[in-house]
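Undergrad: This is the structure, below, for whatever I ask next.
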Amino acid sequence: MTLASPSTELIAHHPDTGTQWWRTAVIYQVYPRSFADASGDGVGDLPGVTSRLEHLVDLGVDAVWLSPFYRSPQADAGYDVADYRDVDPLFGTLADADALVARAHELGLRVIVDLVPNHTSDEHVWFQAALAAGPGSRERARYHFRDGRGEHGELPPNNWESIFGGPAWTRTTDPDGTPGQWYLHLFDSKQPDLNWDDPEVREEFEDVLRFWLDRGVDGFRVDVAHGMVKQPGLPDWDGHVTMIEGSDDVDGVDAVDGSGNRGPMFDQDGVHEIYRAWRRVLDTYGDRAMVTEAWVEPLSRLARYVRPDEAHQSFNFAFLAAGWHGPSLRRVITSSYAANDAVGAPTTWVLSNHDVVRHASRLGLPDPTHRPNGIGHGDEQPDAALGLRRARAATLLMLGLPGSAYVYQGEELGLPEHTALDDDLRQDPAFFRTGGGERGRDGCRVPLPWEGDAPGLGFSPTGATWLPQPAEWAELAADRQRRTDGSTYELYRSALRTRRTEDLGAGGLEWLEGHGSEHVLAFRNRDVVVVANLDDEDVALPADAQVLLASGPLDGGLLPPGTTVWLRAS
């Protein structure tokens with residue numbers, strides 16, 4: 001194998017990041033209910049997060065992103081917000097949130113909090129007021145209330161489907177017991193969509209931004225960032241949208257229905273006005289950042305969300321969706337830089353989060369590009385050893401790329417999906433709304449193992465866990481992996497340390513040719529050569545190669561399948 005022949009084109013180059021920390025940051029996602037429990041009730045909380053922040057410092061990340069901890073009835077694990085300015089008692093208090101931010105800053109970590117602007121909880125004071133006020137009221141104008149179709153209004157106002165399954169409309173009941181209007185909910189029926197054409201909605205969320213910025217947070221992750229604005233008239237649409245979309249196409253049609261039709265509920269041009277307004281708010285607070293969760297295709301449209309006057313980052317779901325397939329990953333990487341460099345934005349990489357099957361399991365499926373919405377009893381099961389080997393290799397590939405990267409809690413331990421979780425323990429509304437047709441996301445949200453010999457694996461002082469942990473997780477507990485040569489934790493730790501010392505986040509990318517297989521990816525970033533073997537055969541490394549880091553054992557001068565290596569460039 002020859003690695004001395006770079007492509008003639010410099011694919012990506014980010015030489016000057018200045019003080020813009022988000023351009024190169026590695027950000028760790030904390031799912032609070034499953035990270036650490038200080039109270040002993042079996043549900044993770046903010047004091048639990050604070051108590052484990054040193055783990056993140058030792059790991060070497062730059063920032064932490066917290067999934068929602070706001071006051072909520074928890075119909076969708078906190079993504080149904082009843083009060084955006086308060087902490088749910090399940091997770092603690094506002095004082096606990098302030099203490100977490102303060103301690104993180106003491107430790108040199110920045111803090112990003114979730115923002116859920118597409119919908120509220122049906123228990124939010126606004127929605128309760130809308131139900132009480134009736135049709136045509138100022139209160140109902142904040143949401144999407146409509147009369148039904150049919151002779152007696154018995155049919156939904158349009159044919160839209162919920163992301164979680166079933167219709168996207170629920171009919172209300174008037175005070176006299178008769179059927180009333182319908183309201184829109186693109187997710188669960190307990191998550192009514194806000195009407196972003198209403199000026200009060202826009203004013204409210206700008207105030208929410210200021211509330212948390214004043215408390216010291218360093219930025220926001222925006223949930224369903226391509227939502228909010230709907231096409232006027234809410235026309236019928238026969239397409240179907242899933243939780244995660246991803247295309248390696250820069251300028252082609254959207255993959256939602258193959259025709260370029262994104263659907264009348266997502267990625268409408270008007271959404272960008274919202275982000276420009278929010279950016280103006282953030283800019284008054286200094287070096288704060290905003291990352292969008294936008295399921296948008298093609299990449300050229302996704303890049304619109306990170307233009308200079310909008311958000312700072314957007315999750316790259318095309319990279320996540322490519323799976324274990326060399327040509328697809330190369331196209332995604334090249335196309336992502338082309339789209340984002342065109343607007344002067346960093347490219348942001350991610351492999352797992354709270355909405356997808358963990359990549360240590362996903363990449364061990366017979367088809368490692370398949371992305372089922374959960375895995376359970378009777379489903380096709382992954383090869384655990386193969387999945388972990390590929391996951392470690394994929395992570396080392398990701399962390400070798402210029403830009404920013406996100407790590408989902410537990411992936412640094414090599415945690416697999418809980419693929420044997422009993423269905424009667426599941427809580428994801430997608431499982432119930434599809435009648436069990438989709439297993440849902442509970443399997444990637446199981447409480448973390450901190451201590452291999454402790455009850456509940458150290459997650460809670462009482463041993464309680466809101467979801468059961470697989471028995472095999474004891475060997476993957478954080479205390480078993482720290483300072484253990486070859487552990488996944490130490491691999492992540494070494495990779496993040498080397499990434500920082502070599503300044504790879506601010507580097508450039510040149511593809512290297514001559515390895516003879518489209519399933520081998522090789523590129524140079526500054527003085528580091530990254531080689532990922534996604535082929536089924538060994539790959540010969542240069543005889544004089546200086547190995548900085550490898551995701552698995554090397555066979556002499558050979559790079560085995562399912563392995564990534566970082567080499568010192570000659």
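Following the order of the structure tokens, chains are lettered A, B, ..., residues in each are numbered from 1, and ligands are numbered from 1.
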Give me the residues near range 542-549 of chain A as a compact mmCIF listing (two decimals) with C-alpha atoms, in the first residue's frame, where near means some atom within 12 Å (using only C-alpha atoms) and where sequence neighbours in that chain fewer than 4 positions away do not count.
TA:
# COMPACT_ATOMS: atom_id res chain seq x y z
CA MET A 1 0.00 0.00 0.00
CA THR A 2 1.33 3.41 -0.91
CA LEU A 3 0.24 6.47 1.02
CA ALA A 4 2.51 9.00 -0.63
CA ARG A 392 -13.87 1.77 17.52
CA ALA A 393 -12.55 2.07 13.96
CA LEU A 396 -11.03 6.90 15.20
CA LEU A 397 -11.92 7.81 11.61
CA LEU A 399 -11.97 12.01 15.39
CA GLY A 400 -9.27 12.25 12.72
CA GLY A 486 -6.65 -1.53 25.05
CA GLU A 490 -8.52 4.53 26.94
CA LEU A 491 -8.79 4.51 23.14
CA TYR A 492 -11.13 7.51 23.25
CA ARG A 493 -8.93 9.21 25.82
CA SER A 494 -5.79 8.73 23.72
CA ALA A 495 -7.57 9.80 20.55
CA LEU A 496 -8.87 13.00 22.09
CA ARG A 497 -5.48 13.83 23.58
CA THR A 498 -3.72 13.25 20.25
CA ARG A 499 -6.42 15.13 18.36
CA THR A 501 -1.97 18.03 20.55
CA GLU A 502 -1.91 17.59 16.76
CA GLY A 514 -2.85 3.94 -4.09
CA HIS A 515 -4.31 1.49 -1.55
CA ASP A 527 1.07 15.67 10.05
CA VAL A 528 -1.20 12.69 10.68
CA VAL A 529 -2.25 10.06 8.15
CA VAL A 530 -5.52 8.28 8.96
CA VAL A 531 -6.18 4.88 7.36
CA ALA A 532 -9.49 3.07 7.92
CA PRO A 553 -4.28 -4.78 17.26
CA LEU A 554 -2.12 -4.55 14.15
CA GLY A 556 2.86 -6.72 12.00
CA GLY A 557 2.85 -4.31 9.09
CA LEU A 558 -0.72 -5.13 8.20
CA LEU A 559 -3.91 -3.23 9.01
CA THR A 563 -9.41 -1.26 12.08
CA THR A 564 -8.31 2.38 11.80
CA VAL A 565 -4.79 3.64 12.41
CA TRP A 566 -3.27 7.08 12.86
CA LEU A 567 0.28 7.34 11.47
CA ARG A 568 2.91 10.06 11.63
CA ALA A 569 3.12 11.49 8.14
CA SER A 570 6.55 11.39 6.60
Undergrad: Do you know which residues are at most 8 Å from Phe205 in chain A counting only C-alpha atoms, after dropping those on the same chain fewer than 4 positions away, and could you put them as an MDAnalysis selection string?
TA: chainID A and resid 117 201 209
Undergrad: Using only C-alpha atoms, which residue out of A:Pro157, A:Pro468, A:Gly216, A:Gly40 lies closest to Arg103 in chain A?
TA: A:Gly216
Undergrad: Do you know which residues are at most 10 Å from Asp76 in chain A counting only C-alpha atoms, after dropping those on the same chain fewer than 2 positions away, and could you put them as an MDAnalysis selection string?
TA: chainID A and resid 72:74 78:81 121 187:188 190:191 427:430
Undergrad: Can I get the selection written as a tab-separated table (two decimals), in the first residue's frame, with all heavy atoms?
TA:
chain	number	residue	atom	x	y	z
A	72	SER	N	-41.63	18.96	32.93
A	72	SER	CA	-42.28	18.19	31.88
A	72	SER	C	-43.02	17.00	32.48
A	72	SER	O	-42.57	16.43	33.47
A	72	SER	CB	-41.21	17.67	30.89
A	72	SER	OG	-41.71	16.64	30.08
A	73	PRO	N	-44.15	16.60	31.87
A	73	PRO	CA	-44.81	15.36	32.29
A	73	PRO	C	-44.09	14.11	31.80
A	73	PRO	O	-44.51	12.99	32.10
A	73	PRO	CB	-46.21	15.47	31.68
A	73	PRO	CG	-46.06	16.40	30.53
A	73	PRO	CD	-44.98	17.37	30.92
A	74	GLN	N	-43.00	14.28	31.03
A	74	GLN	CA	-42.14	13.17	30.58
A	74	GLN	C	-42.85	12.19	29.65
A	74	GLN	O	-42.55	11.00	29.63
A	74	GLN	CB	-41.56	12.43	31.80
A	74	GLN	CG	-40.80	13.30	32.77
A	74	GLN	CD	-39.55	13.93	32.18
A	74	GLN	OE1	-38.80	13.27	31.45
A	74	GLN	NE2	-39.32	15.20	32.46
A	78	GLY	N	-38.97	14.25	28.38
A	78	GLY	CA	-38.58	15.63	28.56
A	78	GLY	C	-38.63	16.48	27.32
A	78	GLY	O	-38.47	17.71	27.40
A	79	TYR	N	-38.83	15.88	26.14
A	79	TYR	CA	-38.98	16.66	24.92
A	79	TYR	C	-40.42	17.17	24.77
A	79	TYR	O	-40.78	17.69	23.72
A	79	TYR	CB	-38.54	15.85	23.71
A	79	TYR	CG	-37.03	15.80	23.59
A	79	TYR	CD1	-36.31	14.74	24.15
A	79	TYR	CD2	-36.32	16.81	22.96
A	79	TYR	CE1	-34.92	14.70	24.07
A	79	TYR	CE2	-34.94	16.78	22.88
A	79	TYR	CZ	-34.24	15.73	23.44
A	79	TYR	OH	-32.87	15.69	23.36
A	80	ASP	N	-41.20	17.02	25.81
A	80	ASP	CA	-42.53	17.63	25.92
A	80	ASP	C	-42.44	18.62	27.08
A	80	ASP	O	-42.65	18.26	28.23
A	80	ASP	CB	-43.60	16.56	26.15
A	80	ASP	CG	-43.24	15.60	27.28
A	80	ASP	OD1	-42.06	15.16	27.37
A	80	ASP	OD2	-44.11	15.27	28.09
A	81	VAL	N	-42.12	19.86	26.77
A	81	VAL	CA	-41.76	20.84	27.80
A	81	VAL	C	-43.00	21.60	28.28
A	81	VAL	O	-43.75	22.16	27.49
A	81	VAL	CB	-40.71	21.84	27.26
A	81	VAL	CG1	-40.34	22.85	28.33
A	81	VAL	CG2	-39.47	21.09	26.76
A	121	SER	N	-45.40	20.81	25.65
A	121	SER	CA	-46.26	19.78	26.25
A	121	SER	C	-47.71	20.25	26.19
A	121	SER	O	-47.99	21.46	26.17
A	121	SER	CB	-45.86	19.56	27.71
A	121	SER	OG	-46.86	18.84	28.40
A	187	PHE	N	-45.37	14.96	16.49
A	187	PHE	CA	-44.82	13.89	17.31
A	187	PHE	C	-45.96	13.29	18.13
A	187	PHE	O	-46.99	12.95	17.57
A	187	PHE	CB	-43.65	14.42	18.16
A	187	PHE	CG	-42.48	14.82	17.31
A	187	PHE	CD1	-42.39	16.10	16.77
A	187	PHE	CD2	-41.47	13.92	17.01
A	187	PHE	CE1	-41.34	16.47	15.95
A	187	PHE	CE2	-40.41	14.27	16.19
A	187	PHE	CZ	-40.35	15.55	15.66
A	188	ASP	N	-45.82	13.17	19.42
A	188	ASP	CA	-46.87	12.54	20.21
A	188	ASP	C	-48.06	13.50	20.39
A	188	ASP	O	-47.91	14.73	20.29
A	188	ASP	CB	-46.31	12.14	21.59
A	188	ASP	CG	-47.25	11.25	22.37
A	188	ASP	OD1	-47.50	10.11	21.93
A	188	ASP	OD2	-47.77	11.69	23.40
A	190	LYS	N	-49.31	14.40	22.98
A	190	LYS	CA	-49.04	15.28	24.11
A	190	LYS	C	-47.99	16.33	23.78
A	190	LYS	O	-47.49	17.02	24.68
A	190	LYS	CB	-48.60	14.46	25.33
A	190	LYS	CG	-49.75	13.62	25.92
A	190	LYS	CD	-49.32	12.89	27.18
A	190	LYS	CE	-49.02	13.84	28.35
A	190	LYS	NZ	-50.21	14.60	28.80
A	191	GLN	N	-47.68	16.49	22.48
A	191	GLN	CA	-46.68	17.47	22.04
A	191	GLN	C	-47.26	18.34	20.92
A	191	GLN	O	-46.88	18.22	19.75
A	191	GLN	CB	-45.41	16.75	21.57
A	191	GLN	CG	-44.69	16.00	22.67
A	191	GLN	CD	-43.60	15.09	22.13
A	191	GLN	OE1	-43.89	14.04	21.57
A	191	GLN	NE2	-42.36	15.48	22.30
A	427	GLN	N	-40.67	2.64	27.12
A	427	GLN	CA	-41.36	3.89	27.42
A	427	GLN	C	-41.45	4.84	26.23
A	427	GLN	O	-42.16	5.85	26.30
A	427	GLN	CB	-40.66	4.60	28.60
A	427	GLN	CG	-40.64	3.77	29.87
A	427	GLN	CD	-40.10	4.54	31.05
A	427	GLN	OE1	-40.17	5.77	31.09
A	427	GLN	NE2	-39.57	3.83	32.03
A	428	ASP	N	-40.74	4.55	25.16
A	428	ASP	CA	-40.73	5.45	24.01
A	428	ASP	C	-42.12	5.50	23.37
A	428	ASP	O	-42.68	4.46	23.02
A	428	ASP	CB	-39.71	4.92	22.99
A	428	ASP	CG	-39.45	5.90	21.86
A	428	ASP	OD1	-40.24	6.84	21.67
A	428	ASP	OD2	-38.45	5.71	21.13
A	429	PRO	N	-42.67	6.70	23.19
A	429	PRO	CA	-43.99	6.79	22.56
A	429	PRO	C	-44.04	6.21	21.15
A	429	PRO	O	-45.10	5.78	20.69
A	429	PRO	CB	-44.29	8.30	22.55
A	429	PRO	CG	-42.98	8.97	22.77
A	429	PRO	CD	-42.17	8.02	23.60
A	430	ALA	N	-42.90	6.16	20.46
A	430	ALA	CA	-42.89	5.56	19.11
A	430	ALA	C	-43.26	4.08	19.18
A	430	ALA	O	-43.89	3.55	18.25
A	430	ALA	CB	-41.51	5.74	18.48
Undergrad: Name the residues of range 248-370 of chain A that come out as helix (DSSP H, G or I) in a backbone DSSP run; write them as a count of residues only.
TA: 47
Undergrad: Please measure the separation of CA of Gly505 in chain A and CA of Tyr305 in chain A, giving the value in Å to one decimal.
TA: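 Going from CA of Gly505 in chain A over to CA of Tyr305 in chain A covers 20.9 Å.
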Undergrad: So what do you get for CA of His152 in chain A versus CA of Glu139 in chain A, distance-wise?
TA: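 Going from CA of His152 in chain A over to CA of Glu139 in chain A covers 24.0 Å.
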Undergrad: Using only C-alpha atoms, which residue out of A:Tyr489, A:Phe164, A:Phe317, A:Phe523 lies closest to Arg439 in chain A?
TA: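 Ranking A:Tyr489, A:Phe164, A:Phe317, A:Phe523 by distance to Arg439 in chain A, first place goes to A:Phe164.
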Undergrad: Neighbours of Pro47 in chain A within 9 Å (only C-alpha atoms; same-chain residues fewer than 4 positions away dropped), as a list in words?
TA: Ala36, Asp37, Ala38, Ser39, Ser51, Arg52, Phe91, Gly92, Asp96, Ala97, Ala99 and Leu100 of chain A
Undergrad: Within 6 Å of Val64 in chain A, counting only C-alpha atoms, which residues show up once you throw out same-chain ones fewer than 5 positions away? Write them as a ChimeraX atom specification, please.
TA: /A:27-29,111
Undergrad: Selected residues, C-alpha atoms, written as a short mmCIF file (atom, residue, chain, number, x, y, z; two decimals), in the first residue's frame, please.
TA:
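That gives us again_28.cif:
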data_model
loop_
_atom_site.label_atom_id
_atom_site.label_comp_id
_atom_site.auth_asym_id
_atom_site.auth_seq_id
_atom_site.Cartn_x
_atom_site.Cartn_y
_atom_site.Cartn_z
CA ILE A 27 -18.86 17.83 22.63
CA TYR A 28 -20.19 15.09 24.90
CA GLN A 29 -23.94 14.47 24.98
CA VAL A 111 -22.29 23.77 28.63
#
Undergrad: Using 7 Å as the limit and counting only C-alpha atoms, can you tabulate each residue of range 197-234 of chain A that touches range 281-304 of chain A, with its shortest atom-to-atom distance in Å and the two atoms involved, as a tab-separated table?
TA:
residue	atom	partner	partner_atom	distance
A:Asp218	CA	A:Arg288	CA	4.9
A:Gly219	CA	A:Ala289	CA	4.5
A:Phe220	CA	A:Met290	CA	4.8
A:Arg221	CA	A:Val291	CA	4.8
A:Val222	CA	A:Thr292	CA	4.9
A:Asp223	CA	A:Glu293	CA	5.4
A:Val224	CA	A:Glu293	CA	5.6
A:Ala225	CA	A:Ala294	CA	5.0
A:His226	CA	A:Ala294	CA	4.9
Undergrad: Deliver the residues from the most recent selection as a file, using all heavy atoms, as a compact mmCIF listing (two decimals), in the first residue's frame.
TA:
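Final output, part_36.txt:
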# COMPACT_ATOMS: atom_id res chain seq x y z
N ASP A 218 -23.45 28.14 27.51
CA ASP A 218 -22.58 28.51 26.40
C ASP A 218 -23.22 28.31 25.04
O ASP A 218 -22.58 28.57 24.01
CB ASP A 218 -21.29 27.69 26.48
CG ASP A 218 -20.53 27.97 27.76
OD1 ASP A 218 -19.92 29.04 27.87
OD2 ASP A 218 -20.56 27.11 28.67
N GLY A 219 -24.45 27.81 25.02
CA GLY A 219 -25.12 27.64 23.74
C GLY A 219 -26.31 26.72 23.83
O GLY A 219 -26.71 26.28 24.92
N PHE A 220 -26.86 26.41 22.65
CA PHE A 220 -28.09 25.63 22.57
C PHE A 220 -27.99 24.60 21.46
O PHE A 220 -27.41 24.85 20.40
CB PHE A 220 -29.29 26.54 22.27
CG PHE A 220 -29.50 27.61 23.30
CD1 PHE A 220 -28.91 28.86 23.17
CD2 PHE A 220 -30.29 27.36 24.42
CE1 PHE A 220 -29.10 29.83 24.11
CE2 PHE A 220 -30.47 28.33 25.38
CZ PHE A 220 -29.88 29.57 25.24
N ARG A 221 -28.56 23.44 21.72
CA ARG A 221 -28.83 22.46 20.68
C ARG A 221 -30.32 22.57 20.39
O ARG A 221 -31.15 22.48 21.29
CB ARG A 221 -28.45 21.07 21.16
CG ARG A 221 -28.79 19.93 20.20
CD ARG A 221 -30.15 19.33 20.52
NE ARG A 221 -30.44 18.12 19.76
CZ ARG A 221 -31.60 17.48 19.79
NH1 ARG A 221 -32.58 17.94 20.56
NH2 ARG A 221 -31.79 16.41 19.08
N VAL A 222 -30.68 22.79 19.14
CA VAL A 222 -32.06 23.06 18.77
C VAL A 222 -32.72 21.79 18.24
O VAL A 222 -32.32 21.25 17.21
CB VAL A 222 -32.15 24.18 17.72
CG1 VAL A 222 -33.61 24.52 17.44
CG2 VAL A 222 -31.40 25.42 18.21
N ASP A 223 -33.73 21.32 18.95
CA ASP A 223 -34.46 20.11 18.58
C ASP A 223 -35.37 20.38 17.39
O ASP A 223 -36.00 21.44 17.30
CB ASP A 223 -35.30 19.67 19.79
CG ASP A 223 -36.01 18.35 19.57
OD1 ASP A 223 -35.33 17.34 19.37
OD2 ASP A 223 -37.26 18.34 19.62
N VAL A 224 -35.42 19.43 16.46
CA VAL A 224 -36.28 19.54 15.26
C VAL A 224 -36.11 20.93 14.64
O VAL A 224 -37.08 21.66 14.39
CB VAL A 224 -37.75 19.25 15.58
CG1 VAL A 224 -38.55 19.02 14.30
CG2 VAL A 224 -37.91 18.05 16.49
N ALA A 225 -34.87 21.28 14.38
CA ALA A 225 -34.56 22.65 13.96
C ALA A 225 -35.09 23.00 12.58
O ALA A 225 -35.19 24.18 12.23
CB ALA A 225 -33.04 22.84 13.98
N HIS A 226 -35.45 22.01 11.80
CA HIS A 226 -35.99 22.25 10.46
C HIS A 226 -37.51 22.34 10.50
O HIS A 226 -38.16 22.48 9.46
CB HIS A 226 -35.58 21.12 9.52
CG HIS A 226 -36.04 19.77 9.98
ND1 HIS A 226 -35.89 19.34 11.27
CD2 HIS A 226 -36.64 18.75 9.32
CE1 HIS A 226 -36.37 18.11 11.38
NE2 HIS A 226 -36.85 17.74 10.21
Undergrad: Rounded to one decimal, what separation in Å do you get between CA of Leu365 in chain A and CA of Cys444 in chain A?
TA: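 Going from CA of Leu365 in chain A over to CA of Cys444 in chain A covers 15.5 Å.
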Undergrad: Nearest to Trp196 in chain A: which of A:Ile274, A:Ala130, A:Val407, A:Leu476 is it, counting only C-alpha atoms?
TA: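 Looking at the shortest contact to Trp196 in chain A, the residue is A:Ile274.
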Undergrad: Extract, using only C-alpha atoms, all DNA, RNA and protein residues at most 10 Å from Ala420 in chain A, discarding same-chain residues fewer than 2 positions from it, and format them as a list in words.
TA: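 Close residues of Ala420 in chain A: Ile375, Gly376, His377, Gly378, Asp379, Gln381, Glu417, His418, Asp422, Asp423, Gly443 and Pro470 of chain A.
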Undergrad: Mind writing the picked residues with C-alpha atoms as a short mmCIF file (atom, residue, chain, number, x, y, z; two decimals), in the first residue's frame?
TA:
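result.cif was written with the following content:
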data_model
loop_
_atom_site.label_atom_id
_atom_site.label_comp_id
_atom_site.auth_asym_id
_atom_site.auth_seq_id
_atom_site.Cartn_x
_atom_site.Cartn_y
_atom_site.Cartn_z
CA ILE A 375 -33.70 -3.70 18.35
CA GLY A 376 -35.54 -6.15 20.60
CA HIS A 377 -36.44 -9.77 21.21
CA GLY A 378 -36.97 -11.66 17.96
CA ASP A 379 -35.27 -8.99 15.86
CA GLN A 381 -29.31 -9.33 16.39
CA GLU A 417 -27.61 -1.24 22.42
CA HIS A 418 -29.75 -3.10 24.98
CA ASP A 422 -38.50 -6.55 27.56
CA ASP A 423 -41.23 -4.79 25.62
CA GLY A 443 -32.33 0.54 24.08
CA PRO A 470 -27.59 -5.78 30.57
#
Undergrad: Per DSSP on the backbone, what are the strand (DSSP E or B) residues of range 116-342 of chain A, as a PyMOL selection string?
TA: chain A and resi 119+143+145-146+149+155+161+167+169-173+179-184+193-194+219-222+289-292+313-315
Undergrad: Please determine, counting only C-alpha atoms, which residue among A:Glu161, A:Asp207, A:Glu510, A:Asp309 has the shortest atom-to-atom distance to Val241 in chain A.
TA: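 Residue with the minimum atom-to-atom distance to Val241 in chain A: A:Glu161.
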Undergrad: Return as a tab-separated table the residues of range 318-411 of chain A lying at most 12 Å from range 535-539 of chain A, together with the closest atom-to-atom pair for each and the distance in Å to one decimal, counting only C-alpha atoms, with rows in chain order and ascending residue number.
TA:
residue	atom	partner	partner_atom	distance
A:Trp324	CA	A:Asp535	CA	9.7
A:His325	CA	A:Asp535	CA	8.9
A:Gly326	CA	A:Asp535	CA	8.0
A:Pro327	CA	A:Asp535	CA	10.9
A:Arg390	CA	A:Asp535	CA	11.1
Undergrad: Could you turn the residues from that selection into a file that holds N, CA and C atoms, as a JSON list (two decimals), in the first residue's frame?
TA:
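Output file again-v7.json follows:
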[["chain", "number", "residue", "atom", "x", "y", "z"],
["A", 324, "TRP", "N", -21.31, 1.41, 7.64],
["A", 324, "TRP", "CA", -19.98, 0.83, 7.40],
["A", 324, "TRP", "C", -19.85, 0.55, 5.91],
["A", 325, "HIS", "N", -19.55, 1.59, 5.15],
["A", 325, "HIS", "CA", -19.46, 1.45, 3.70],
["A", 325, "HIS", "C", -18.49, 2.51, 3.19],
["A", 326, "GLY", "N", -17.32, 2.07, 2.76],
["A", 326, "GLY", "CA", -16.26, 2.99, 2.40],
["A", 326, "GLY", "C", -16.63, 4.03, 1.36],
["A", 327, "PRO", "N", -17.18, 3.64, 0.21],
["A", 327, "PRO", "CA", -17.50, 4.64, -0.81],
["A", 327, "PRO", "C", -18.51, 5.68, -0.31],
["A", 390, "ARG", "N", -15.76, -2.50, 14.72],
["A", 390, "ARG", "CA", -16.05, -1.48, 13.71],
["A", 390, "ARG", "C", -16.35, -0.12, 14.34]]
Undergrad: Could you tell me which of A:Asp62, A:Glu380, A:Asp267, A:Asp122 comes closest to Arg110 in chain A if we count only C-alpha atoms?
TA: A:Asp62
